[in-house]
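Q: Structure supplied as upload_26.tsv; contents: TSV, C-alpha atoms.
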chain	number	residue	atom	x	y	z
A	1	MET	CA	4.23	21.51	11.90
A	2	ARG	CA	6.60	24.43	12.43
A	3	GLY	CA	7.11	26.94	9.66
A	4	ARG	CA	10.74	26.03	9.00
A	5	GLU	CA	9.90	22.33	8.58
A	6	ILE	CA	7.32	22.90	5.86
A	7	PHE	CA	9.89	24.97	3.94
A	8	LYS	CA	12.38	22.10	4.23
A	9	ILE	CA	9.82	19.70	2.73
A	10	LEU	CA	8.81	22.03	-0.10
A	11	ALA	CA	12.32	23.34	-0.78
A	12	PRO	CA	12.95	21.14	-3.85
A	13	VAL	CA	9.67	22.27	-5.42
A	14	TYR	CA	9.71	25.91	-4.30
A	15	PRO	CA	13.31	27.10	-3.95
A	16	THR	CA	13.44	29.73	-1.26
A	17	LYS	CA	17.00	30.94	-1.75
A	18	MET	CA	16.20	33.39	-4.53
A	19	VAL	CA	17.45	36.40	-2.54
A	20	ASN	CA	21.10	35.53	-3.06
A	21	ASN	CA	22.06	36.50	-6.60
A	22	SER	CA	25.14	34.26	-6.97
A	23	LYS	CA	24.83	31.74	-9.82
A	24	GLU	CA	25.17	28.75	-7.54
A	25	GLU	CA	22.38	29.85	-5.21
A	26	ARG	CA	19.99	30.61	-8.08
A	27	THR	CA	20.24	27.08	-9.50
A	28	MET	CA	16.84	25.40	-9.22
A	29	LYS	CA	16.83	22.07	-7.40
A	30	ASN	CA	15.46	18.91	-8.99
A	31	PRO	CA	12.26	17.88	-7.15
A	32	LEU	CA	13.14	14.22	-7.79
A	33	ASP	CA	16.14	14.53	-5.45
A	34	SER	CA	13.70	14.55	-2.55
A	35	LEU	CA	11.06	11.93	-1.78
A	36	TRP	CA	8.52	14.61	-0.86
A	37	GLY	CA	9.30	16.48	-4.07
A	38	THR	CA	8.75	13.27	-6.03
A	39	VAL	CA	5.39	12.59	-4.38
A	40	ILE	CA	4.21	16.19	-4.81
A	41	ALA	CA	5.29	16.13	-8.48
A	42	GLY	CA	3.34	12.87	-8.93
A	43	VAL	CA	0.18	14.35	-7.41
A	44	VAL	CA	0.49	17.50	-9.55
A	45	LEU	CA	0.98	15.35	-12.67
A	46	THR	CA	-2.13	13.35	-11.70
A	47	ALA	CA	-4.16	16.58	-11.51
A	48	VAL	CA	-2.85	17.77	-14.88
A	49	LEU	CA	-3.63	14.45	-16.57
A	50	TYR	CA	-7.06	14.35	-14.93
A	51	VAL	CA	-7.93	17.78	-16.37
A	52	PHE	CA	-6.65	16.56	-19.76
A	53	ALA	CA	-8.75	13.39	-19.57
A	54	ARG	CA	-11.90	15.23	-18.53
A	55	ASN	CA	-11.65	17.93	-21.15
A	56	PHE	CA	-9.95	16.44	-24.16
A	57	LEU	CA	-10.89	12.75	-24.19
A	58	GLY	CA	-14.25	11.51	-25.34
B	1	MET	CA	-16.96	-20.13	-19.67
B	2	GLU	CA	-15.61	-18.86	-22.95
B	3	ASN	CA	-11.88	-18.90	-23.61
B	4	ILE	CA	-11.74	-15.11	-23.86
B	5	ASP	CA	-13.20	-14.80	-20.34
B	6	LEU	CA	-10.59	-17.22	-19.01
B	7	VAL	CA	-7.76	-15.27	-20.66
B	8	ALA	CA	-9.10	-11.98	-19.31
B	9	ALA	CA	-9.53	-13.38	-15.79
B	10	LEU	CA	-6.06	-14.93	-15.70
B	11	SER	CA	-4.50	-11.83	-17.23
B	12	ARG	CA	-6.13	-9.57	-14.64
B	13	TRP	CA	-4.95	-11.80	-11.78
B	14	ILE	CA	-1.37	-11.99	-13.08
B	15	HIS	CA	-1.37	-8.26	-13.93
B	16	PHE	CA	-2.29	-7.43	-10.34
B	17	MET	CA	0.16	-9.86	-8.71
B	18	ALA	CA	3.11	-8.85	-10.87
B	19	GLY	CA	2.13	-5.19	-10.56
B	20	VAL	CA	2.13	-5.39	-6.77
B	21	MET	CA	5.62	-6.94	-6.88
B	22	TRP	CA	6.92	-4.35	-9.38
B	23	ILE	CA	5.59	-1.24	-7.69
B	24	GLY	CA	6.25	-2.70	-4.24
B	25	LEU	CA	9.93	-3.17	-5.09
B	26	LEU	CA	10.02	0.28	-6.73
B	27	TYR	CA	8.75	1.83	-3.49
B	28	TYR	CA	11.20	-0.33	-1.49
B	29	PHE	CA	14.10	1.07	-3.55
B	30	ASN	CA	12.93	4.67	-3.24
B	31	PHE	CA	11.47	4.81	0.25
B	32	VAL	CA	13.82	2.34	2.00
B	33	GLN	CA	16.99	1.31	0.18
B	34	VAL	CA	18.27	4.74	-0.95
B	35	ALA	CA	18.23	6.08	2.61
B	36	ALA	CA	19.48	2.78	4.06
B	37	LEU	CA	22.46	2.71	1.68
B	38	LYS	CA	23.38	6.25	2.67
B	39	ASN	CA	23.51	5.23	6.34
B	40	ALA	CA	25.13	1.85	5.60
B	41	GLY	CA	27.85	3.58	3.58
B	42	ALA	CA	28.70	5.67	6.62
B	43	ASP	CA	29.29	2.66	8.90
B	44	GLY	CA	30.80	0.37	6.24
B	45	THR	CA	27.95	-2.13	5.97
B	46	ALA	CA	26.68	-1.18	2.50
B	47	ALA	CA	28.10	-4.37	0.95
B	48	GLY	CA	25.40	-6.39	2.69
B	49	ILE	CA	22.79	-4.54	0.68
B	50	THR	CA	24.65	-4.18	-2.62
B	51	LYS	CA	25.84	-7.81	-2.70
B	52	HIS	CA	22.93	-9.72	-1.24
B	53	VAL	CA	19.76	-7.61	-1.36
B	54	ALA	CA	19.93	-5.29	-4.39
B	55	PRO	CA	20.74	-7.92	-7.09
B	56	ARG	CA	17.91	-10.17	-5.91
B	57	ALA	CA	15.47	-7.26	-5.62
B	58	LEU	CA	16.45	-6.05	-9.11
B	59	LEU	CA	15.91	-9.52	-10.56
B	60	PHE	CA	12.28	-9.67	-9.38
B	61	PHE	CA	11.84	-5.94	-10.10
B	62	ARG	CA	12.69	-6.04	-13.81
B	63	TRP	CA	10.96	-9.32	-14.62
B	64	SER	CA	7.79	-8.45	-12.71
B	65	ALA	CA	7.74	-5.18	-14.69
B	66	LEU	CA	7.74	-7.11	-17.95
B	67	VAL	CA	5.14	-9.63	-16.76
B	68	THR	CA	2.91	-6.77	-15.56
B	69	TRP	CA	3.04	-5.10	-18.97
B	70	LEU	CA	2.44	-8.33	-20.91
B	71	ALA	CA	-0.47	-9.36	-18.70
B	72	GLY	CA	-1.92	-5.86	-19.04
B	73	ALA	CA	-1.65	-6.08	-22.82
B	74	ALA	CA	-3.39	-9.48	-22.76
B	75	LEU	CA	-6.09	-8.05	-20.51
B	76	LEU	CA	-6.75	-5.20	-22.94
B	77	GLY	CA	-6.94	-7.76	-25.77
B	78	PRO	CA	-8.81	-6.33	-28.75
B	79	LEU	CA	-9.04	-2.94	-26.98
B	80	PHE	CA	-5.22	-2.59	-26.89
B	81	VAL	CA	-5.07	-0.17	-29.85
B	82	ASP	CA	-8.06	1.86	-28.63
B	83	ALA	CA	-6.37	2.26	-25.25
B	84	PHE	CA	-3.07	3.46	-26.63
B	85	LEU	CA	-4.83	5.81	-29.05
B	86	LEU	CA	-6.98	7.11	-26.14
B	87	ARG	CA	-10.22	6.59	-28.07
B	88	ASN	CA	-13.63	4.88	-27.77
B	89	GLY	CA	-13.91	5.44	-24.02
B	90	MET	CA	-10.51	3.90	-23.32
B	91	GLY	CA	-8.83	7.24	-22.58
B	92	PRO	CA	-8.32	6.94	-18.82
B	93	ILE	CA	-7.00	3.36	-18.90
B	94	GLY	CA	-4.96	4.36	-21.96
B	95	ILE	CA	-3.24	7.11	-19.98
B	96	GLY	CA	-2.39	4.49	-17.34
B	97	ALA	CA	-1.12	2.15	-20.06
B	98	TRP	CA	1.11	4.85	-21.54
B	99	LEU	CA	2.55	5.69	-18.12
B	100	GLY	CA	3.16	1.99	-17.42
B	101	THR	CA	4.89	1.63	-20.78
B	102	ILE	CA	7.19	4.59	-20.09
B	103	MET	CA	7.97	3.04	-16.70
B	104	LEU	CA	8.79	-0.32	-18.30
B	105	PHE	CA	11.13	1.48	-20.72
B	106	ASN	CA	12.86	3.20	-17.79
B	107	VAL	CA	13.33	-0.15	-16.00
B	108	TRP	CA	14.93	-2.02	-18.90
B	109	VAL	CA	16.72	0.81	-20.74
B	110	LEU	CA	17.82	3.16	-17.95
B	111	ILE	CA	17.67	1.49	-14.53
B	112	TRP	CA	18.88	-2.06	-15.15
B	113	PRO	CA	21.88	-1.35	-17.47
B	114	ASN	CA	23.11	1.38	-15.10
B	115	GLN	CA	22.53	-0.74	-11.99
B	116	LYS	CA	24.70	-3.45	-13.54
B	117	LYS	CA	27.57	-0.92	-13.69
B	118	ILE	CA	26.94	0.27	-10.13
B	119	LEU	CA	26.85	-3.26	-8.70
B	120	GLY	CA	29.94	-4.36	-10.63
B	121	MET	CA	28.12	-6.83	-12.90
B	122	THR	CA	29.60	-5.06	-15.92
B	123	PRO	CA	33.00	-3.34	-15.88
B	124	ALA	CA	32.93	0.44	-15.38
B	125	SER	CA	35.32	3.16	-14.24
B	126	ASP	CA	34.57	5.26	-11.16
B	127	ASP	CA	33.40	8.13	-13.37
B	128	GLU	CA	31.10	5.81	-15.31
B	129	LYS	CA	29.75	4.41	-12.04
B	130	ASN	CA	29.00	7.88	-10.72
B	131	LYS	CA	27.21	8.81	-13.93
B	132	ALA	CA	25.31	5.50	-13.89
B	133	ARG	CA	24.31	6.08	-10.26
B	134	ARG	CA	22.74	9.44	-11.10
B	135	ILE	CA	20.90	8.14	-14.19
B	136	ALA	CA	19.53	5.08	-12.37
B	137	PHE	CA	18.49	7.21	-9.41
B	138	LEU	CA	16.61	9.77	-11.51
B	139	ALA	CA	14.96	7.06	-13.64
B	140	SER	CA	13.82	5.29	-10.48
B	141	ARG	CA	12.50	8.54	-8.98
B	142	THR	CA	10.76	9.32	-12.28
B	143	ASN	CA	9.03	5.94	-12.11
B	144	THR	CA	7.96	6.63	-8.52
B	145	MET	CA	6.47	9.95	-9.67
B	146	LEU	CA	4.75	8.34	-12.69
B	147	SER	CA	3.35	5.51	-10.54
B	148	ILE	CA	1.07	7.99	-8.76
B	149	PRO	CA	-1.00	9.03	-11.83
B	150	MET	CA	-0.55	5.53	-13.32
B	151	LEU	CA	-2.32	3.95	-10.34
B	152	PHE	CA	-4.97	6.69	-10.34
B	153	PHE	CA	-5.91	5.94	-13.94
B	154	MET	CA	-5.40	2.16	-13.76
B	155	ALA	CA	-7.47	1.67	-10.62
B	156	GLY	CA	-10.58	3.34	-12.01
B	157	GLY	CA	-13.79	1.72	-10.81
B	158	TRP	CA	-17.27	2.76	-9.77
B	159	SER	CA	-15.90	5.21	-7.19
B	160	HIS	CA	-13.79	6.94	-9.85
B	161	ARG	CA	-16.78	7.19	-12.16
B	162	ALA	CA	-18.97	8.61	-9.37
B	163	LEU	CA	-16.40	11.01	-7.94
B	164	PHE	CA	-14.21	11.98	-10.88
B	165	GLY	CA	-16.42	11.23	-13.88
B	166	LEU	CA	-13.77	8.98	-15.42
Starting from the file, lay out its structure as structure tokens.
A:
Amino acid sequence: MRGREIFKILAPVYPTKMVNNSKEERTMKNPLDSLWGTVIAGVVLTAVLYVFARNFLG
Amino acid sequence: MENIDLVAALSRWIHFMAGVMWIGLLYYFNFVQVAALKNAGADGTAAGITKHVAPRALLFFRWSALVTWLAGAALLGPLFVDAFLLRNGMGPIGIGAWLGTIMLFNVWVLIWPNQKKILGMTPASDDEKNKARRIAFLASRTNTMLSIPMLFFMAGGWSHRALFGL
């Protein structure tokens, strides 16, 4: 996968337009607007809940 | 066979069948229909989906969600409270049950009422329709996100115990 394509996929999760200081450009995107962002958010939530279940549940 | 075994067996079967329909239609909406509607809107064929496909899909979607939850509750039986309080070894399945409950809430309180406005089943102005579209979309995407950990915790078996210690 080319470098630019991976940035396109991850853009909703990791905004890359932080260089421009205008208000509009600094607005963070909602990961749920992209399917990949949704799936990545779901996997991250799974990991967080797993750590919770392992450490805090009897 | 005792009655409680029969109830548990039937509940598990129904829970799985309805769950497959619910999550299958959820993934259809998110992975297929959203993108298809965007393209269909561009060439003027969106009505085929919004008039004939979406209402039917939503009918099975919302009722299978309810049946899944009820069958899951019946399957938990006397362990229902332990699961929702995440105690007595019911923590992992309880997390799945909580996620499923939040998803059911999203279906009946956020997705369905707003979809009725979008599809013209209840009267709404253009502004209200646009707002409803955004709410239904985000609720549906939220459910897709929640389905990932929900299935992880619901589908725990010997492999989960061996690999993840759950």
Q: For chain A, which residue among B:Pro149, B:Gly77, B:Gly48, B:Pro123 is the nearest when counting all atoms listed in the file?
A: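 Of B:Pro149, B:Gly77, B:Gly48, B:Pro123, the one nearest chain A is B:Pro149, counting all atoms listed in the file.
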Q: For each of B:Leu76, B:Leu151, B:Val109, B:Ile102, take the minimum atom-to-atom distance to chain A, counting only C-alpha atoms, then give the residue where this is smallest.
A: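 Of all the options, B:Leu151 lies closest to chain A.
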Q: Between B:Phe31, B:Trp112, B:Trp13, B:Trp22, which one has atoms that come closest to chain A, using only C-alpha atoms?
A: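 Nearest candidate to chain A out of B:Phe31, B:Trp112, B:Trp13, B:Trp22: B:Phe31.
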Q: Pull the closest atom pair for each residue of chain B that gets at most 12 Å from chain A, along with the distance in Å to one decimal, counting only C-alpha atoms, ordering rows by chain and then ascending residue number, as a Markdown table.
A:
| residue | atom | partner | partner_atom | distance |
| --- | --- | --- | --- | --- |
| B:Tyr27 | CA | A:Leu35 | CA | 10.5 |
| B:Phe29 | CA | A:Leu35 | CA | 11.4 |
| B:Asn30 | CA | A:Leu35 | CA | 7.6 |
| B:Phe31 | CA | A:Leu35 | CA | 7.4 |
| B:Val32 | CA | A:Leu35 | CA | 10.7 |
| B:Val34 | CA | A:Leu35 | CA | 10.2 |
| B:Ala35 | CA | A:Leu35 | CA | 10.2 |
| B:Asp82 | CA | A:Gly58 | CA | 11.9 |
| B:Ala83 | CA | A:Leu57 | CA | 11.5 |
| B:Leu85 | CA | A:Leu57 | CA | 10.4 |
| B:Leu86 | CA | A:Leu57 | CA | 7.1 |
| B:Arg87 | CA | A:Gly58 | CA | 6.9 |
| B:Asn88 | CA | A:Gly58 | CA | 7.1 |
| B:Gly89 | CA | A:Gly58 | CA | 6.2 |
| B:Met90 | CA | A:Gly58 | CA | 8.7 |
| B:Gly91 | CA | A:Leu57 | CA | 6.1 |
| B:Pro92 | CA | A:Ala53 | CA | 6.5 |
| B:Ile93 | CA | A:Ala53 | CA | 10.2 |
| B:Gly94 | CA | A:Ala53 | CA | 10.1 |
| B:Ile95 | CA | A:Leu49 | CA | 8.1 |
| B:Gly96 | CA | A:Leu49 | CA | 10.1 |
| B:Trp98 | CA | A:Leu49 | CA | 11.8 |
| B:Leu99 | CA | A:Leu49 | CA | 10.8 |
| B:Arg134 | CA | A:Asp33 | CA | 10.1 |
| B:Ile135 | CA | A:Leu32 | CA | 11.8 |
| B:Phe137 | CA | A:Asp33 | CA | 8.6 |
| B:Leu138 | CA | A:Leu32 | CA | 6.8 |
| B:Ala139 | CA | A:Leu32 | CA | 9.4 |
| B:Ser140 | CA | A:Leu32 | CA | 9.4 |
| B:Arg141 | CA | A:Leu32 | CA | 5.8 |
| B:Thr142 | CA | A:Leu32 | CA | 7.1 |
| B:Asn143 | CA | A:Gly42 | CA | 9.5 |
| B:Thr144 | CA | A:Thr38 | CA | 7.1 |
| B:Met145 | CA | A:Gly42 | CA | 4.3 |
| B:Leu146 | CA | A:Gly42 | CA | 6.1 |
| B:Ser147 | CA | A:Gly42 | CA | 7.5 |
| B:Ile148 | CA | A:Gly42 | CA | 5.4 |
| B:Pro149 | CA | A:Thr46 | CA | 4.5 |
| B:Met150 | CA | A:Thr46 | CA | 8.1 |
| B:Leu151 | CA | A:Thr46 | CA | 9.5 |
| B:Phe152 | CA | A:Thr46 | CA | 7.4 |
| B:Phe153 | CA | A:Tyr50 | CA | 8.5 |
| B:Met154 | CA | A:Thr46 | CA | 11.8 |
| B:Gly156 | CA | A:Tyr50 | CA | 11.9 |
| B:His160 | CA | A:Tyr50 | CA | 11.2 |
| B:Arg161 | CA | A:Arg54 | CA | 11.4 |
| B:Phe164 | CA | A:Tyr50 | CA | 8.6 |
| B:Gly165 | CA | A:Arg54 | CA | 7.6 |
| B:Leu166 | CA | A:Arg54 | CA | 7.2 |
Q: Go ahead and dump the residues you just picked, C-alpha atoms, as a PDB file, in the frame of the given file.
A:
ATOM      1  CA  TYR B  27       8.750   1.830  -3.490  1.00  0.00           C
ATOM      2  CA  PHE B  29      14.100   1.070  -3.550  1.00  0.00           C
ATOM      3  CA  ASN B  30      12.930   4.670  -3.240  1.00  0.00           C
ATOM      4  CA  PHE B  31      11.470   4.810   0.250  1.00  0.00           C
ATOM      5  CA  VAL B  32      13.820   2.340   2.000  1.00  0.00           C
ATOM      6  CA  VAL B  34      18.270   4.740  -0.950  1.00  0.00           C
ATOM      7  CA  ALA B  35      18.230   6.080   2.610  1.00  0.00           C
ATOM      8  CA  ASP B  82      -8.060   1.860 -28.630  1.00  0.00           C
ATOM      9  CA  ALA B  83      -6.370   2.260 -25.250  1.00  0.00           C
ATOM     10  CA  LEU B  85      -4.830   5.810 -29.050  1.00  0.00           C
ATOM     11  CA  LEU B  86      -6.980   7.110 -26.140  1.00  0.00           C
ATOM     12  CA  ARG B  87     -10.220   6.590 -28.070  1.00  0.00           C
ATOM     13  CA  ASN B  88     -13.630   4.880 -27.770  1.00  0.00           C
ATOM     14  CA  GLY B  89     -13.910   5.440 -24.020  1.00  0.00           C
ATOM     15  CA  MET B  90     -10.510   3.900 -23.320  1.00  0.00           C
ATOM     16  CA  GLY B  91      -8.830   7.240 -22.580  1.00  0.00           C
ATOM     17  CA  PRO B  92      -8.320   6.940 -18.820  1.00  0.00           C
ATOM     18  CA  ILE B  93      -7.000   3.360 -18.900  1.00  0.00           C
ATOM     19  CA  GLY B  94      -4.960   4.360 -21.960  1.00  0.00           C
ATOM     20  CA  ILE B  95      -3.240   7.110 -19.980  1.00  0.00           C
ATOM     21  CA  GLY B  96      -2.390   4.490 -17.340  1.00  0.00           C
ATOM     22  CA  TRP B  98       1.110   4.850 -21.540  1.00  0.00           C
ATOM     23  CA  LEU B  99       2.550   5.690 -18.120  1.00  0.00           C
ATOM     24  CA  ARG B 134      22.740   9.440 -11.100  1.00  0.00           C
ATOM     25  CA  ILE B 135      20.900   8.140 -14.190  1.00  0.00           C
ATOM     26  CA  PHE B 137      18.490   7.210  -9.410  1.00  0.00           C
ATOM     27  CA  LEU B 138      16.610   9.770 -11.510  1.00  0.00           C
ATOM     28  CA  ALA B 139      14.960   7.060 -13.640  1.00  0.00           C
ATOM     29  CA  SER B 140      13.820   5.290 -10.480  1.00  0.00           C
ATOM     30  CA  ARG B 141      12.500   8.540  -8.980  1.00  0.00           C
ATOM     31  CA  THR B 142      10.760   9.320 -12.280  1.00  0.00           C
ATOM     32  CA  ASN B 143       9.030   5.940 -12.110  1.00  0.00           C
ATOM     33  CA  THR B 144       7.960   6.630  -8.520  1.00  0.00           C
ATOM     34  CA  MET B 145       6.470   9.950  -9.670  1.00  0.00           C
ATOM     35  CA  LEU B 146       4.750   8.340 -12.690  1.00  0.00           C
ATOM     36  CA  SER B 147       3.350   5.510 -10.540  1.00  0.00           C
ATOM     37  CA  ILE B 148       1.070   7.990  -8.760  1.00  0.00           C
ATOM     38  CA  PRO B 149      -1.000   9.030 -11.830  1.00  0.00           C
ATOM     39  CA  MET B 150      -0.550   5.530 -13.320  1.00  0.00           C
ATOM     40  CA  LEU B 151      -2.320   3.950 -10.340  1.00  0.00           C
ATOM     41  CA  PHE B 152      -4.970   6.690 -10.340  1.00  0.00           C
ATOM     42  CA  PHE B 153      -5.910   5.940 -13.940  1.00  0.00           C
ATOM     43  CA  MET B 154      -5.400   2.160 -13.760  1.00  0.00           C
ATOM     44  CA  GLY B 156     -10.580   3.340 -12.010  1.00  0.00           C
ATOM     45  CA  HIS B 160     -13.790   6.940  -9.850  1.00  0.00           C
ATOM     46  CA  ARG B 161     -16.780   7.190 -12.160  1.00  0.00           C
ATOM     47  CA  PHE B 164     -14.210  11.980 -10.880  1.00  0.00           C
ATOM     48  CA  GLY B 165     -16.420  11.230 -13.880  1.00  0.00           C
ATOM     49  CA  LEU B 166     -13.770   8.980 -15.420  1.00  0.00           C
TER      50      LEU B 166
END
Q: Could you check the closest approach to B:Gln33 for each of B:Phe16, B:Val53, B:Gly72, B:Arg133 and tell me which residue wins, using only C-alpha atoms?
A: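 Closest to B:Gln33, using only C-alpha atoms: B:Val53.
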Q: Interatomic distance between atom CA of B:Leu37 and atom CA of B:Thr50?
A: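 Interatomic distance here is 8.4 Å.
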Q: Between B:Ala36, B:Ala73, B:Met21, B:Ala97, which residue has the minimum interatomic distance to B:Ala155, considering only C-alpha atoms?
A: B:Ala97
Q: Between atom CA of B:Thr101 and atom CA of B:Val67, what is the spacing in Å?
A: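 Computing the Euclidean distance for atom CA of B:Val67 and atom CA of B:Thr101 yields 12.0 Å.
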Q: Pick the closest to B:Ala65 from B:Thr45, B:Asn130, B:Asn3, B:Asn106: which is it, counting all atoms listed in the file?
A: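 For B:Ala65, the nearest of the given residues is B:Asn106.
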Q: How far is it from atom CA of B:Asp126 to atom CA of B:Asn114, in Å with one decimal?
A: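 Distance reported for this atom pair: 12.7 Å.
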